[in-house]
Amino acid sequence: MGATIAVLSQKGGTGKTTTVRTLTDVLRRIDLDVLAIDLDPQGNLSDYFDVDPDATPTIADVLTGRADAPQAIHDDVIPANLSLAEAELMLAGKMGRELTLRRALKPLRERYDLILLDCPPSLGLLTVNALVAADHALLTTEAQYFALQGVEQALEVIELARDGLNPDLGWLGVVFNIADMRTRHSRDAFASLQEHVGRKLFASSIRASIAYAEAAERAVSILDHRPDLGADYLALADELLARLKLSEARMRLKTLIEA
Ligand SMILES: Nc1ncnc2c1ncn2[C@@H]1O[C@H](COP(=O)(O)OP(=O)(O)OP(=O)(O)O)[C@@H](O)[C@H]1O
Ligand SMILES: [Mg+2]
């Protein structure tokens, strides 16, 4: 019930937000109740879901104790905006700062089948809060040579969260994102990552396409904008559901893919 997944990467621009956005969409289409939470002061996820920029309360209010998490849900999204940067600073001076999100999300876990957390591009306090609140971590990486380095750094932070505050945190795997498998560069990067992380690397990588920027700009899902490309995320969702052992949902996804 209410498995919580933190989507993170050490680097910026690895497709975290697009992954949260699109997986949420796929999973909702097979009747799962999914809550998407924006944990990035850039507020990209909130934009991608077309949340009113003035919507309040936001995740910043939740983390600073000004609102309860259920109040901050707007159409199954908890949005963020720049005020989250300030909230992070405030949080830094508090006792139990790493546990704040975990405590805040507790009442929501029973209301949702899945909760997806979109982390900012750093391994700081917000990402640590996400890892402490989560049952699983999901890494994204851009398809290039330095991918491995970023993945290793993110894994160290996952290890830290496990050692201390969240010993049950699982690692779902790495999504190889924004890939052009026609190039040798991408194929080599994939192979080198696979050598190091083995089956933790999702077999379904996400192809690079300008269509993602277009879809983001129009706040529509890639599944509607370019279903041919969206197929990558359907395949990824299938692997994800298998790893989460959600076999009934996986059957429904199969029906959706075949439709
Ligand atoms: N498969 C893809 N192919 C091409 N471009 C993509 C793809 N996925 C995402 N993008 C684009 O890459 C940029 C970064 O994507 P996204 O915002 O999802 O990454 P992020 O990791 O969340 O970034 P940040 O670290 O800044 O939060 C966006 O402009 C997005 O539209
Ligand atoms: Mg992002």
# chains A, B, ... in the order shown; residues from 1 in each chain; ligands from 1
$ residues_near_ligand --ligand "ligand 2" --cutoff "12 Å" --atoms "only C-alpha atoms and all ligand atoms" --output "ChimeraX atom specification"
/A:7-21,37-48,80,117-122,127,140,216
$ residues_around --residues "segment 193-195 of chain A" --least-positions-apart "2" --cutoff "12 Å" --atoms "only C-alpha atoms" --output "PDB file with C-alpha atoms, in the first residue's frame"
ATOM      1  CA  THR A 140      17.777   8.422 -13.904  1.00  0.00           C
ATOM      2  CA  THR A 141      20.860   9.058 -15.962  1.00  0.00           C
ATOM      3  CA  GLU A 142      21.586  10.775 -19.198  1.00  0.00           C
ATOM      4  CA  ALA A 143      23.001   8.502 -21.863  1.00  0.00           C
ATOM      5  CA  GLN A 144      26.637   9.585 -21.819  1.00  0.00           C
ATOM      6  CA  TYR A 145      30.078   8.528 -20.644  1.00  0.00           C
ATOM      7  CA  PHE A 146      29.920  10.228 -17.262  1.00  0.00           C
ATOM      8  CA  ALA A 147      26.679   8.447 -16.424  1.00  0.00           C
ATOM      9  CA  LEU A 148      28.399   5.888 -14.277  1.00  0.00           C
ATOM     10  CA  GLN A 149      30.056   8.485 -12.063  1.00  0.00           C
ATOM     11  CA  GLY A 150      26.728  10.202 -11.336  1.00  0.00           C
ATOM     12  CA  VAL A 151      25.063   6.875 -10.625  1.00  0.00           C
ATOM     13  CA  GLU A 152      27.808   5.914  -8.186  1.00  0.00           C
ATOM     14  CA  GLY A 173      17.282   0.573 -10.667  1.00  0.00           C
ATOM     15  CA  VAL A 174      18.608   3.040 -13.210  1.00  0.00           C
ATOM     16  CA  VAL A 175      16.698   4.484 -16.167  1.00  0.00           C
ATOM     17  CA  PHE A 176      18.927   5.154 -19.175  1.00  0.00           C
ATOM     18  CA  SER A 186      25.095   5.849 -26.195  1.00  0.00           C
ATOM     19  CA  ARG A 187      25.583   2.132 -26.735  1.00  0.00           C
ATOM     20  CA  ASP A 188      28.993   2.201 -25.053  1.00  0.00           C
ATOM     21  CA  ALA A 189      27.635   4.163 -22.101  1.00  0.00           C
ATOM     22  CA  PHE A 190      24.795   1.651 -21.752  1.00  0.00           C
ATOM     23  CA  ALA A 191      27.213  -1.278 -21.840  1.00  0.00           C
ATOM     24  CA  VAL A 197      25.042  -2.290 -12.109  1.00  0.00           C
ATOM     25  CA  GLY A 198      23.951  -5.428 -13.969  1.00  0.00           C
ATOM     26  CA  ARG A 199      20.230  -6.053 -14.003  1.00  0.00           C
ATOM     27  CA  LYS A 200      19.558  -2.907 -12.011  1.00  0.00           C
ATOM     28  CA  LEU A 201      19.809  -1.116 -15.341  1.00  0.00           C
ATOM     29  CA  PHE A 202      16.331  -1.091 -16.898  1.00  0.00           C
ATOM     30  CA  ALA A 203      16.415  -2.822 -20.270  1.00  0.00           C
TER      31      ALA A 203
END
$ atom_distance --atom1 "atom CA of Asp25 of chain A" --atom2 "atom CA of Glu258 of chain A"
17.1 Å
$ closest_residue --among "A:Arg109, A:Arg250, A:His196, A:Arg218" --to "ligand 1" --atoms "only C-alpha atoms and all ligand atoms"
A:Arg218
$ select_by_dssp --residues "segment 33-247 of chain A" --states "helix (DSSP H, G or I)" --output "ChimeraX atom specification"
/A:44-48,59-63,69-72,83-92,97-108,125-133,147-163,184-200,211-217,222-225,227-243,247
$ closest_residue --among "A:Leu123, A:Met90, A:Ile178, A:Leu114" --to "Leu240 of chain A" --atoms "only C-alpha atoms"
A:Leu114
$ closest_residue --among "A:Leu89, A:Ile210, A:Ala249, A:Leu236" --to "ligand 1" --atoms "only C-alpha atoms and all ligand atoms"
A:Ile210
